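See structure below.
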Amino acid sequence: MRDWHVKHMQDTVIKYLAGLSEDASRWQKLMHKQYGNLAHVTKRIDYDIKHGVEKQEVLDFLELVKTDESYSELRQATDFGYRLNTLETGFLNKDSKVNHSLSFIDF
């Protein structure tokens with residue numbers, strides 16, 4: 001089952017980075033508008049992390065997409081750099097957030 005979630009994470013990242021094609025149908029545009037935003041993609045990746053994908057695997061895959069020749073066509077997509085940057089910073093910033101809970105020590 002873990003292998004399925006790794007593949008799902010990779011497919012989610014690739015679909016987000018590729019964006020919407022120029023000749024997309026109305027249905028595809030509607031689905032992209034509803035499910036193709038950064039918040040939804042991050043939720044899907046979090047779901048996969050909850051079920052066995054490690055955070056380092058996500059970061060390694062993002063690095064692989066940047067450097068591997070098999071993803072060269074993906075890198076030529078419109079707004080690829082912007083989408084990759086927002087995905088990386090959103091994912092890294094989410095990890096660095098500190099849980100600020102109320103402290104009742106002063107009472």
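Chain lettering (A, B, ...) mirrors the order of the structure tokens, residue numbering begins at 1 for each chain separately, and ligand numbering begins at 1 in order of display.
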- Query: DSSP says alpha helix (DSSP H) for which residues of range 10-75 of chain A? Put them as a count of residues only?
  - Reply: 49
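Shell of Thr42 in chain A at 12 Å, with only C-alpha atoms counted and residues fewer than 5 places along the chain excluded, is Met9, Thr12, Val13, Tyr16, Tyr35, Gly36, Asn37, Tyr47, Asp48, Ile49, Lys55, Val58, Thr86, Leu87, Glu88, Thr89, Gly90, Phe91, Leu92, Asn93, Lys94 and Asp95 of chain A.
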### Message
Report as JSON, numbers by chain all protein, DNA and RNA residues lying within 12 Å of Tyr71 in chain A, evaluated on only C-alpha atoms, omitting residues in the same chain fewer than 3 positions from it.
### Response
{"A": [13, 14, 17, 18, 61, 62, 63, 64, 65, 66, 67, 68, 74, 75, 76, 77, 80]}
- Quick one: residues within 10 Å of His5 in chain A, only C-alpha atoms counted, chain neighbours fewer than 5 positions away excluded, as a VMD selection string? chain A and resid 10 to 11 44 to 45 47 to 53
Can you write out the residues you just picked, keeping N, CA and C atoms, as an mmCIF file, in the first residue's frame?
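In the end it all went to again-v8.cif:
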```cif
data_model
loop_
_atom_site.group_PDB
_atom_site.id
_atom_site.type_symbol
_atom_site.label_atom_id
_atom_site.label_comp_id
_atom_site.auth_asym_id
_atom_site.auth_seq_id
_atom_site.Cartn_x
_atom_site.Cartn_y
_atom_site.Cartn_z
ATOM 1 N N GLN A 10 3.882 11.178 -6.418
ATOM 2 C CA GLN A 10 4.603 11.568 -7.628
ATOM 3 C C GLN A 10 3.646 12.057 -8.712
ATOM 4 N N ASP A 11 2.539 11.357 -8.895
ATOM 5 C CA ASP A 11 1.547 11.768 -9.896
ATOM 6 C C ASP A 11 0.937 13.119 -9.539
ATOM 7 N N ARG A 44 -3.193 16.583 -0.459
ATOM 8 C CA ARG A 44 -3.018 15.235 -1.020
ATOM 9 C C ARG A 44 -1.654 14.667 -0.669
ATOM 10 N N ILE A 45 -0.630 15.502 -0.678
ATOM 11 C CA ILE A 45 0.707 15.038 -0.297
ATOM 12 C C ILE A 45 0.730 14.697 1.192
ATOM 13 N N TYR A 47 -1.749 13.601 2.910
ATOM 14 C CA TYR A 47 -2.449 12.323 3.018
ATOM 15 C C TYR A 47 -1.497 11.166 2.717
ATOM 16 N N ASP A 48 -0.676 11.333 1.689
ATOM 17 C CA ASP A 48 0.279 10.286 1.343
ATOM 18 C C ASP A 48 1.351 10.141 2.421
ATOM 19 N N ILE A 49 1.770 11.247 3.018
ATOM 20 C CA ILE A 49 2.754 11.186 4.106
ATOM 21 C C ILE A 49 2.154 10.455 5.303
ATOM 22 N N LYS A 50 0.898 10.693 5.572
ATOM 23 C CA LYS A 50 0.212 10.020 6.673
ATOM 24 C C LYS A 50 0.194 8.506 6.469
ATOM 25 N N HIS A 51 0.212 8.070 5.225
ATOM 26 C CA HIS A 51 0.123 6.642 4.911
ATOM 27 C C HIS A 51 1.444 6.034 4.470
ATOM 28 N N GLY A 52 2.557 6.641 4.865
ATOM 29 C CA GLY A 52 3.827 5.949 4.694
ATOM 30 C C GLY A 52 4.886 6.633 3.862
ATOM 31 N N VAL A 53 4.553 7.639 3.094
ATOM 32 C CA VAL A 53 5.567 8.351 2.318
ATOM 33 C C VAL A 53 6.336 9.264 3.274
#
```
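For the atom pair formed by CA of His32 in chain A and CA of Leu20 in chain A, the distance is 7.0 Å, given to one decimal.
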Task: Selection near Glu22 in chain A, 10 Å with only C-alpha atoms, sequence-local residues under 3 positions removed, as number ranges by chain - done: A: 19, 25, 78
